[in-house]
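*Asks:* Contents of data_2.txt (compact mmCIF, C-alpha atoms and all ligand atoms) are below:
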```txt
# COMPACT_ATOMS: atom_id res chain seq x y z
CA MET A 1 0.27 -10.61 33.06
CA THR A 2 2.85 -10.36 30.32
CA THR A 3 1.76 -8.16 27.42
CA VAL A 4 3.29 -8.64 23.99
CA GLY A 5 2.73 -6.32 21.04
CA VAL A 6 2.47 -7.75 17.53
CA PHE A 7 2.24 -5.73 14.33
CA ASP A 8 2.00 -6.25 10.61
CA SER A 9 0.86 -4.22 7.63
CA GLY A 10 -2.50 -5.97 7.90
CA VAL A 11 -3.96 -9.41 8.53
CA GLY A 12 -0.85 -11.43 7.63
CA GLY A 13 0.64 -11.29 11.12
CA LEU A 14 -2.39 -13.25 12.34
CA SER A 15 -0.56 -16.31 11.00
CA VAL A 16 2.13 -15.55 13.59
CA LEU A 17 -0.39 -14.62 16.28
CA ARG A 18 -2.05 -18.02 15.82
CA ALA A 19 1.23 -19.73 16.69
CA LEU A 20 1.96 -17.29 19.51
CA ARG A 21 -1.38 -17.99 21.18
CA ALA A 22 -0.79 -21.74 20.95
CA GLU A 23 2.70 -21.43 22.42
CA LEU A 24 1.94 -18.76 25.03
CA PRO A 25 -1.72 -19.06 26.06
CA GLN A 26 -1.11 -17.07 29.26
CA VAL A 27 -0.01 -13.90 27.46
CA HIS A 28 -2.04 -10.81 26.57
CA PHE A 29 -1.34 -9.98 22.92
CA VAL A 30 -2.05 -6.59 21.39
CA TYR A 31 -2.22 -7.03 17.61
CA LEU A 32 -1.97 -3.89 15.49
CA ALA A 33 -2.75 -4.08 11.76
CA ASP A 34 -1.46 -1.07 9.83
CA ASN A 35 -3.97 -1.58 7.05
CA ALA A 36 -4.34 2.14 6.35
CA HIS A 37 -0.78 1.89 4.98
CA ALA A 38 -0.77 -1.65 3.53
CA PRO A 39 0.73 -3.26 1.64
CA TYR A 40 4.29 -2.59 2.79
CA GLY A 41 6.01 -4.81 0.29
CA GLU A 42 5.96 -2.45 -2.66
CA GLN A 43 6.61 0.79 -0.76
CA ALA A 44 9.79 2.79 -0.26
CA SER A 45 11.94 1.42 2.54
CA GLN A 46 11.85 4.77 4.38
CA THR A 47 8.04 4.62 4.45
CA VAL A 48 8.09 1.15 6.00
CA LEU A 49 10.68 2.27 8.55
CA ASP A 50 8.62 5.34 9.50
CA ARG A 51 5.52 3.21 9.94
CA ALA A 52 7.35 0.63 12.07
CA LEU A 53 8.64 3.38 14.35
CA ARG A 54 5.18 4.94 14.68
CA LEU A 55 3.50 1.62 15.47
CA THR A 56 6.10 0.74 18.08
CA GLU A 57 5.68 4.10 19.80
CA ARG A 58 1.92 3.64 19.83
CA LEU A 59 2.04 0.14 21.28
CA ARG A 60 4.52 1.22 23.94
CA SER A 61 2.68 4.32 25.00
CA GLU A 62 -0.82 2.81 25.06
CA TYR A 63 -0.17 -0.76 26.26
CA LYS A 64 3.05 -1.02 28.31
CA ILE A 65 4.23 -3.96 26.27
CA ASP A 66 6.97 -6.27 27.56
CA GLY A 67 8.14 -7.27 24.08
CA LEU A 68 7.26 -6.73 20.44
CA VAL A 69 6.91 -9.26 17.65
CA VAL A 70 7.40 -7.67 14.24
CA ALA A 71 5.12 -10.16 12.48
CA CYS A 72 6.09 -8.93 9.04
CA ASN A 73 9.05 -10.03 6.97
CA THR A 74 9.17 -6.72 5.10
CA ALA A 75 9.20 -4.57 8.25
CA THR A 76 11.74 -6.87 9.89
CA ALA A 77 14.01 -6.62 6.85
CA LEU A 78 13.75 -2.84 6.58
CA ALA A 79 13.28 -1.65 10.14
CA ILE A 80 14.26 -4.03 12.93
CA ASP A 81 17.82 -2.74 13.33
CA GLU A 82 16.54 0.82 13.73
CA LEU A 83 13.75 -0.30 16.07
CA ARG A 84 16.26 -2.06 18.32
CA HIS A 85 18.53 0.97 18.23
CA THR A 86 15.72 3.41 19.09
CA HIS A 87 14.10 1.21 21.78
CA ARG A 88 17.09 -0.39 23.47
CA ASP A 89 15.09 -1.45 26.53
CA LEU A 90 12.42 -3.37 24.58
CA PRO A 91 12.95 -6.95 23.36
CA PHE A 92 12.08 -7.35 19.66
CA ILE A 93 11.39 -10.60 17.84
CA GLY A 94 11.46 -10.37 14.06
CA VAL A 95 10.50 -12.79 11.31
CA GLU A 96 12.56 -13.78 8.31
CA PRO A 97 11.88 -16.15 5.42
CA ALA A 98 12.39 -19.72 6.65
CA LEU A 99 15.41 -20.47 4.47
CA LYS A 100 17.30 -22.30 7.19
CA PRO A 101 14.43 -24.69 7.98
CA ALA A 102 13.89 -25.18 4.23
CA ALA A 103 17.56 -26.05 3.76
CA ALA A 104 17.16 -28.73 6.43
CA LEU A 105 13.93 -30.08 4.90
CA THR A 106 14.69 -30.18 1.19
CA ARG A 107 15.57 -33.55 -0.29
CA ASN A 108 16.71 -32.42 -3.73
CA SER A 109 18.35 -29.09 -2.68
CA HIS A 110 15.99 -27.03 -4.84
CA ILE A 111 14.10 -24.41 -2.85
CA GLY A 112 11.70 -21.65 -3.87
CA VAL A 113 11.09 -18.45 -1.92
CA LEU A 114 8.00 -16.28 -2.26
CA ALA A 115 8.26 -12.91 -0.52
CA THR A 116 7.51 -9.25 -1.06
CA ARG A 117 9.62 -7.07 -3.28
CA GLY A 118 10.76 -5.13 -0.19
CA THR A 119 11.99 -8.29 1.53
CA VAL A 120 13.66 -9.79 -1.53
CA HIS A 121 15.62 -6.63 -2.31
CA SER A 122 16.72 -5.94 1.27
CA THR A 123 20.28 -6.21 2.54
CA ARG A 124 19.06 -8.39 5.38
CA PHE A 125 17.62 -10.97 2.99
CA ALA A 126 20.84 -10.94 0.91
CA GLN A 127 22.80 -11.69 4.07
CA LEU A 128 20.45 -14.51 5.06
CA LEU A 129 20.68 -16.01 1.59
CA HIS A 130 24.44 -15.83 1.67
CA ARG A 131 24.60 -17.55 5.07
CA VAL A 132 22.31 -20.37 3.97
CA THR A 133 23.87 -20.98 0.55
CA ASP A 134 27.49 -20.66 1.68
CA GLU A 135 27.77 -24.39 2.41
CA PRO A 136 30.28 -25.95 0.02
CA GLN A 137 29.39 -29.49 1.16
CA ARG A 138 25.81 -29.14 0.06
CA PRO A 139 25.08 -26.58 -2.67
CA LEU A 140 21.53 -25.26 -2.50
CA HIS A 141 19.65 -23.89 -5.50
CA VAL A 142 17.31 -21.14 -4.43
CA ARG A 143 14.78 -19.51 -6.76
CA ILE A 144 13.40 -16.27 -5.44
CA GLN A 145 10.19 -14.63 -6.60
CA PRO A 146 8.98 -11.19 -5.46
CA CYS A 147 5.19 -11.46 -5.37
CA ASP A 148 3.68 -8.07 -6.18
CA GLY A 149 -0.01 -7.98 -5.39
CA LEU A 150 -0.31 -11.28 -3.53
CA ALA A 151 -0.38 -9.85 0.01
CA HIS A 152 -2.81 -7.19 -1.15
CA ALA A 153 -5.14 -9.82 -2.63
CA ILE A 154 -5.02 -11.77 0.67
CA GLU A 155 -5.66 -8.55 2.58
CA ARG A 156 -8.78 -8.01 0.48
CA ALA A 157 -9.78 -11.68 0.92
CA ASP A 158 -10.32 -11.81 -2.84
CA PRO A 159 -10.07 -15.48 -3.88
CA VAL A 160 -9.98 -14.77 -7.63
CA ALA A 161 -7.12 -12.28 -7.25
CA ILE A 162 -5.27 -14.59 -4.81
CA ARG A 163 -5.44 -17.46 -7.28
CA GLU A 164 -4.38 -15.27 -10.22
CA ARG A 165 -1.42 -13.74 -8.33
CA ALA A 166 -0.34 -17.12 -6.93
CA ARG A 167 -0.51 -18.79 -10.33
CA PHE A 168 1.40 -15.95 -12.01
CA HIS A 169 4.20 -15.80 -9.42
CA LEU A 170 4.62 -19.58 -9.24
CA SER A 171 4.88 -19.76 -13.02
CA GLN A 172 7.56 -17.04 -12.90
CA LEU A 173 9.40 -18.96 -10.19
CA HIS A 174 9.31 -22.24 -12.11
CA ALA A 175 10.43 -20.48 -15.30
CA GLN A 176 13.59 -19.13 -13.67
CA GLU A 177 15.70 -22.23 -14.23
CA PRO A 178 13.68 -24.56 -16.45
CA HIS A 179 16.63 -26.88 -17.10
CA ARG A 180 17.07 -27.66 -13.39
CA PRO A 181 14.96 -30.07 -11.33
CA PRO A 182 11.80 -28.58 -9.85
CA ILE A 183 11.75 -27.27 -6.29
CA ASP A 184 10.58 -29.63 -3.55
CA THR A 185 10.34 -26.97 -0.81
CA LEU A 186 8.64 -23.57 -0.94
CA VAL A 187 9.31 -20.87 1.66
CA LEU A 188 6.35 -18.60 2.39
CA GLY A 189 8.44 -15.51 3.10
CA CYS A 190 5.57 -13.16 3.89
CA THR A 191 3.25 -13.64 6.85
CA HIS A 192 0.21 -13.14 4.62
CA TYR A 193 1.00 -16.17 2.44
CA PRO A 194 0.10 -18.97 4.91
CA PHE A 195 -3.49 -17.79 4.42
CA ALA A 196 -3.15 -18.75 0.75
CA SER A 197 -1.46 -22.06 1.50
CA ASN A 198 -4.35 -24.20 0.17
CA ILE A 199 -4.18 -22.46 -3.19
CA LEU A 200 -0.37 -22.50 -3.27
CA GLN A 201 -0.26 -26.18 -2.32
CA ALA A 202 -2.79 -27.08 -5.01
CA LEU A 203 -0.83 -25.15 -7.63
CA CYS A 204 2.54 -26.64 -6.58
CA GLY A 205 1.33 -30.21 -6.12
CA ALA A 206 1.59 -32.47 -3.09
CA GLY A 207 5.29 -33.15 -3.67
CA VAL A 208 6.27 -29.64 -2.60
CA GLN A 209 6.37 -28.86 1.11
CA LEU A 210 5.43 -25.35 2.19
CA VAL A 211 7.37 -23.78 5.06
CA ASP A 212 6.42 -20.77 7.14
CA THR A 213 7.82 -19.24 10.30
CA GLY A 214 4.92 -18.92 12.74
CA GLU A 215 5.84 -21.72 15.13
CA ALA A 216 9.56 -20.92 15.13
CA VAL A 217 8.81 -17.27 15.92
CA ALA A 218 6.51 -18.31 18.75
CA ARG A 219 9.23 -20.51 20.28
CA ARG A 220 11.75 -17.71 19.87
CA THR A 221 9.37 -15.28 21.59
CA ARG A 222 9.07 -17.62 24.56
CA ALA A 223 12.87 -17.84 24.80
CA VAL A 224 13.56 -14.11 24.35
CA LEU A 225 10.98 -13.13 26.97
CA SER A 226 12.02 -16.01 29.29
CA LEU A 227 8.41 -17.18 29.57
CA GLU A 228 7.62 -20.50 31.19
CA ALA A 229 4.94 -22.93 30.16
CA PRO A 230 1.73 -21.73 31.85
CA ALA A 231 1.19 -23.27 35.29
CA ALA A 232 -2.05 -25.14 35.88
CA GLY A 233 -4.72 -22.68 36.91
CA THR A 234 -3.02 -19.71 35.29
CA GLY A 235 -5.62 -17.36 33.92
CA PRO A 236 -6.07 -17.47 30.17
CA GLY A 237 -4.39 -14.87 28.04
CA SER A 238 -6.27 -12.55 25.76
CA VAL A 239 -6.01 -10.64 22.51
CA THR A 240 -6.70 -6.99 21.77
CA LEU A 241 -7.10 -6.21 18.08
CA LEU A 242 -6.28 -2.76 16.70
CA SER A 243 -6.14 -1.42 13.18
CA THR A 244 -5.21 1.89 11.61
CA GLY A 245 -7.85 1.64 8.88
CA ASP A 246 -11.12 -0.16 8.20
CA HIS A 247 -11.71 -2.61 11.06
CA HIS A 248 -13.70 -5.19 9.13
CA PRO A 249 -10.90 -7.03 7.32
CA LEU A 250 -9.09 -7.69 10.59
CA GLU A 251 -12.22 -8.80 12.44
CA GLN A 252 -13.25 -11.07 9.61
CA ALA A 253 -9.76 -12.56 9.23
CA ALA A 254 -9.45 -13.14 13.00
CA ALA A 255 -12.83 -14.88 13.02
CA ARG A 256 -12.08 -16.96 9.95
CA TRP A 257 -8.52 -18.02 10.66
CA LEU A 258 -8.23 -17.89 14.45
CA GLY A 259 -11.83 -18.57 15.44
CA MET A 260 -11.85 -15.31 17.40
CA SER A 261 -14.97 -13.25 17.85
CA ALA A 262 -13.03 -10.20 19.15
CA GLN A 263 -13.97 -6.77 17.92
CA VAL A 264 -11.28 -4.31 16.95
CA ALA A 265 -10.91 -1.94 19.91
CA ALA A 266 -12.03 1.62 19.26
CA THR A 267 -9.10 4.03 19.08
N1 LIG A 301 2.95 -9.54 5.85
C1 LIG A 301 4.05 -8.74 5.46
C2 LIG A 301 5.32 -9.53 5.24
O1 LIG A 301 5.50 -10.53 5.92
C3 LIG A 301 3.82 -7.57 4.55
C4 LIG A 301 3.05 -7.77 3.31
C5 LIG A 301 2.78 -6.45 2.65
O2 LIG A 301 2.19 -5.60 3.32
O3 LIG A 301 3.20 -6.27 1.52
O4 LIG A 301 6.16 -9.18 4.46
```
Will you turn the file into structure tokens for me?
*Replies:*
Amino acid sequence: MTTVGVFDSGVGGLSVLRALRAELPQVHFVYLADNAHAPYGEQASQTVLDRALRLTERLRSEYKIDGLVVACNTATALAIDELRHTHRDLPFIGVEPALKPAAALTRNSHIGVLATRGTVHSTRFAQLLHRVTDEPQRPLHVRIQPCDGLAHAIERADPVAIRERARFHLSQLHAQEPHRPPIDTLVLGCTHYPFASNILQALCGAGVQLVDTGEAVARRTRAVLSLEAPAAGTGPGSVTLLSTGDHHPLEQAAARWLGMSAQVAAT
């Protein structure tokens, strides 16, 4: 059976795991939440890089993984080049804010991006932004908002804090260019944010479409690992949950959002 590692700073990568399980039901996924060191988004880039290297070594040594999904925009932005360099024999699939899909979806060319501070200030994000906006035929207007505290509120499953952080950051985003038309497309550039999509959608209004990367990453994982659609009768895949800190947030999030009753494996 193919085994694929998945990691994030905490529960956010479950939004990617949900899509991975739908796309690749025959695969064994090992999901590692680094919640003892979350959130990543407001930490020094060297800290995030060190953590990504440690998690990769752990998943490789304990689980013989065939590929690794870095289900975190911040860790992808700050660490994936070094991960690929250090582990040349392991296929990596990263995530990045869905700017390209948003550019294809927007009708009025006004896009918002919510992401962590670490992602927004990374070189990788600057390059992505440049690639997407460097289209003279169709100028795009992109408003970018680093969302301190939002992933942490989602990690704590604190609805009051989620609503307060979401409201604050969206008001900052809208205030950036008040003379321009409002955005019609909002990129959820952190894997935690899909778990606040009801609140974000209500705050933005029905006219704004929210875009995340889970399904695209799942399709990319299938392609990178050359996995076929599961043949009839293929045994079902499975999920092992691991965390570096308190197990309860991950178990509760997996039950609530993925309908999984799995316990976090003892380590
Ligand atoms: N879920 C992560 C991301 O996609 C990290 C959030 C955080 O830990 O700050 O960026």
*Asks:* Enumerate residues in contact with ligand LIG 301 (chain A): an atom-to-atom distance of at most 8 Å, counting only C-alpha atoms and all ligand atoms. Format the result as a ChimeraX atom specification.
*Replies:* /A:8-13,38-42,71-75,95,115-116,118-119,148-152,189-193
*Asks:* I'd like to know which of A:Asp134, A:Glu251, A:Glu62, A:Glu228 is closest to A:Ala103, using all atoms listed in the file.
*Replies:*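 Once distances to A:Ala103 are computed over all atoms listed in the file, the minimum belongs to A:Asp134.
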*Asks:* Show me, as a tab-separated table, the residues of stretch 76-178 of chain A having an atom within 12 Å of stretch 48-61 of chain A, each with the closest atom pair and its distance in Å, using all atoms listed in the file.
*Replies:*
```
residue	atom	partner	partner_atom	distance
A:Thr76	CA	A:Ala52	CA	9.0
A:Ala77	CA	A:Leu49	CA	9.6
A:Leu78	CA	A:Leu49	CA	6.3
A:Ala79	CA	A:Leu49	CA	5.0
A:Ile80	CA	A:Ala52	CA	8.4
A:Asp81	CA	A:Leu49	CA	9.9
A:Glu82	CA	A:Leu49	CA	8.0
A:Leu83	CA	A:Leu53	CA	6.5
A:Arg84	CA	A:Leu53	CA	10.2
A:His85	CA	A:Leu53	CA	10.9
A:Thr86	CA	A:Leu53	CA	8.5
A:His87	CA	A:Thr56	CA	8.8
A:Asp89	CA	A:Arg60	CA	11.2
A:Leu90	CA	A:Arg60	CA	9.2
A:Pro91	CA	A:Thr56	CA	11.6
A:Phe92	CA	A:Thr56	CA	10.2
A:Gly94	CA	A:Ala52	CA	11.9
A:Gly118	CA	A:Val48	CA	9.2
A:Thr119	CA	A:Val48	CA	11.1
```
*Asks:* Quick one, how far is atom CA of A:Leu99 from atom CA of A:Arg219?
*Replies:*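 Distance reported for this atom pair: 17.0 Å.
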*Asks:* State, in Å with one decimal place, the distance from atom CA of A:Asn108 to atom CA of A:Thr213.
*Replies:*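 Computing the Euclidean distance for atom CA of A:Asn108 and atom CA of A:Thr213 yields 21.2 Å.
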*Asks:* For each of A:Leu227, A:Val30, A:Ile154, A:Val132, take the minimum atom-to-atom distance to A:Ala262, counting all atoms listed in the file, then give the residue where this is smallest.
*Replies:*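 Ranking A:Leu227, A:Val30, A:Ile154, A:Val132 by distance to A:Ala262, first place goes to A:Val30.
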*Asks:* Rounded to one decimal, what separation in Å do you get between atom CA of A:Leu203 and atom CA of A:Ala218?
*Replies:*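 Atom CA of A:Ala218 lies at a distance of 28.2 Å from atom CA of A:Leu203.
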*Asks:* I'd like a table as JSON lines: residues in stretch 73-129 of chain A with an atom no more than 8 Å from stretch 183-187 of chain A, each row giving the shortest atom pair and its distance in Å to one decimal, only C-alpha atoms counted, sorted by chain and rising residue number.
*Replies:*
```
{"residue": "A:Pro97", "atom": "CA", "partner": "A:Val187", "partner_atom": "CA", "distance": 6.6}
{"residue": "A:Ala98", "atom": "CA", "partner": "A:Val187", "partner_atom": "CA", "distance": 6.0}
{"residue": "A:Leu99", "atom": "CA", "partner": "A:Val187", "partner_atom": "CA", "distance": 6.7}
{"residue": "A:Ala102", "atom": "CA", "partner": "A:Thr185", "partner_atom": "CA", "distance": 6.4}
{"residue": "A:Leu105", "atom": "CA", "partner": "A:Thr185", "partner_atom": "CA", "distance": 7.4}
{"residue": "A:Thr106", "atom": "CA", "partner": "A:Thr185", "partner_atom": "CA", "distance": 5.8}
{"residue": "A:Arg107", "atom": "CA", "partner": "A:Asp184", "partner_atom": "CA", "distance": 7.1}
{"residue": "A:Asn108", "atom": "CA", "partner": "A:Asp184", "partner_atom": "CA", "distance": 6.7}
{"residue": "A:Ser109", "atom": "CA", "partner": "A:Ile183", "partner_atom": "CA", "distance": 7.7}
{"residue": "A:His110", "atom": "CA", "partner": "A:Ile183", "partner_atom": "CA", "distance": 4.5}
{"residue": "A:Ile111", "atom": "CA", "partner": "A:Thr185", "partner_atom": "CA", "distance": 5.0}
{"residue": "A:Gly112", "atom": "CA", "partner": "A:Leu186", "partner_atom": "CA", "distance": 4.7}
{"residue": "A:Val113", "atom": "CA", "partner": "A:Val187", "partner_atom": "CA", "distance": 4.7}
{"residue": "A:Leu114", "atom": "CA", "partner": "A:Val187", "partner_atom": "CA", "distance": 6.2}
```
*Asks:* Compare A:Gln176, A:Thr47, A:Gln137, A:Ser238 by their minimum atom-to-atom distance to A:Leu20, counting all atoms listed in the file, and give me the closest one.
*Replies:*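 For A:Leu20, the nearest of the given residues is A:Ser238.
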*Asks:* Within 8 Å of A:Leu17, counting all atoms listed in the file, which residues qualify if same-chain residues fewer than 2 places away don't, as a list in words?
*Replies:*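 Here the answer would be Val6, Gly13, Leu14, Ser15, Ala19, Leu20, Arg21, Tyr31 and Gly214 of chain A.
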*Asks:* Mind listing whatever residues come within 12 Å of the point (-1.4, -16.0, -12.5)? Use all atoms listed in the file, file coordinates, and give them as a list in words.
*Replies:*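 The residues that fall inside the cut-off are Cys147, Asp148, Gly149, Leu150, Val160, Ala161, Ile162, Arg163, Glu164, Arg165, Ala166, Arg167, Phe168, His169, Leu170, Ser171, Gln172, Leu173, Ile199, Leu200 and Leu203 of chain A.
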*Asks:* Measuring between only C-alpha atoms, which one of A:Ser122, A:Val70, A:Ala196, A:Cys204 shows the shortest distance to A:Ala153?
*Replies:*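 Closest residue, counting only C-alpha atoms: A:Ala196.
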*Asks:* Given only C-alpha atoms as the basis, pick out the residue of A:Ala202, A:Leu24, A:Val16, A:Leu68 nearest to A:Gly237.
*Replies:*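 Looking at the shortest contact to A:Gly237, the residue is A:Leu24.
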*Asks:* With only C-alpha atoms as the atoms that count, which of A:His130, A:Lys64, A:Arg88, A:Arg117 lies nearest to A:His28?
*Replies:* A:Lys64
*Asks:* For stretch 239-248 of chain A, find every residue with an atom within 6 Å (counting all atoms listed in the file), except residues of its own chain fewer than 4 positions away, and show them as a PDB file with C-alpha atoms, in the coordinates of the input.
*Replies:*
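part.pdb was written with the following content:
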```
ATOM      1  CA  HIS A  28      -2.040 -10.810  26.570  1.00  0.00           C
ATOM      2  CA  PHE A  29      -1.340  -9.980  22.920  1.00  0.00           C
ATOM      3  CA  VAL A  30      -2.050  -6.590  21.390  1.00  0.00           C
ATOM      4  CA  TYR A  31      -2.220  -7.030  17.610  1.00  0.00           C
ATOM      5  CA  LEU A  32      -1.970  -3.890  15.490  1.00  0.00           C
ATOM      6  CA  ALA A  33      -2.750  -4.080  11.760  1.00  0.00           C
ATOM      7  CA  ASP A  34      -1.460  -1.070   9.830  1.00  0.00           C
ATOM      8  CA  ASN A  35      -3.970  -1.580   7.050  1.00  0.00           C
ATOM      9  CA  ALA A  36      -4.340   2.140   6.350  1.00  0.00           C
ATOM     10  CA  GLN A 252     -13.250 -11.070   9.610  1.00  0.00           C
ATOM     11  CA  VAL A 264     -11.280  -4.310  16.950  1.00  0.00           C
ATOM     12  CA  ALA A 265     -10.910  -1.940  19.910  1.00  0.00           C
TER      13      ALA A 265
END
```
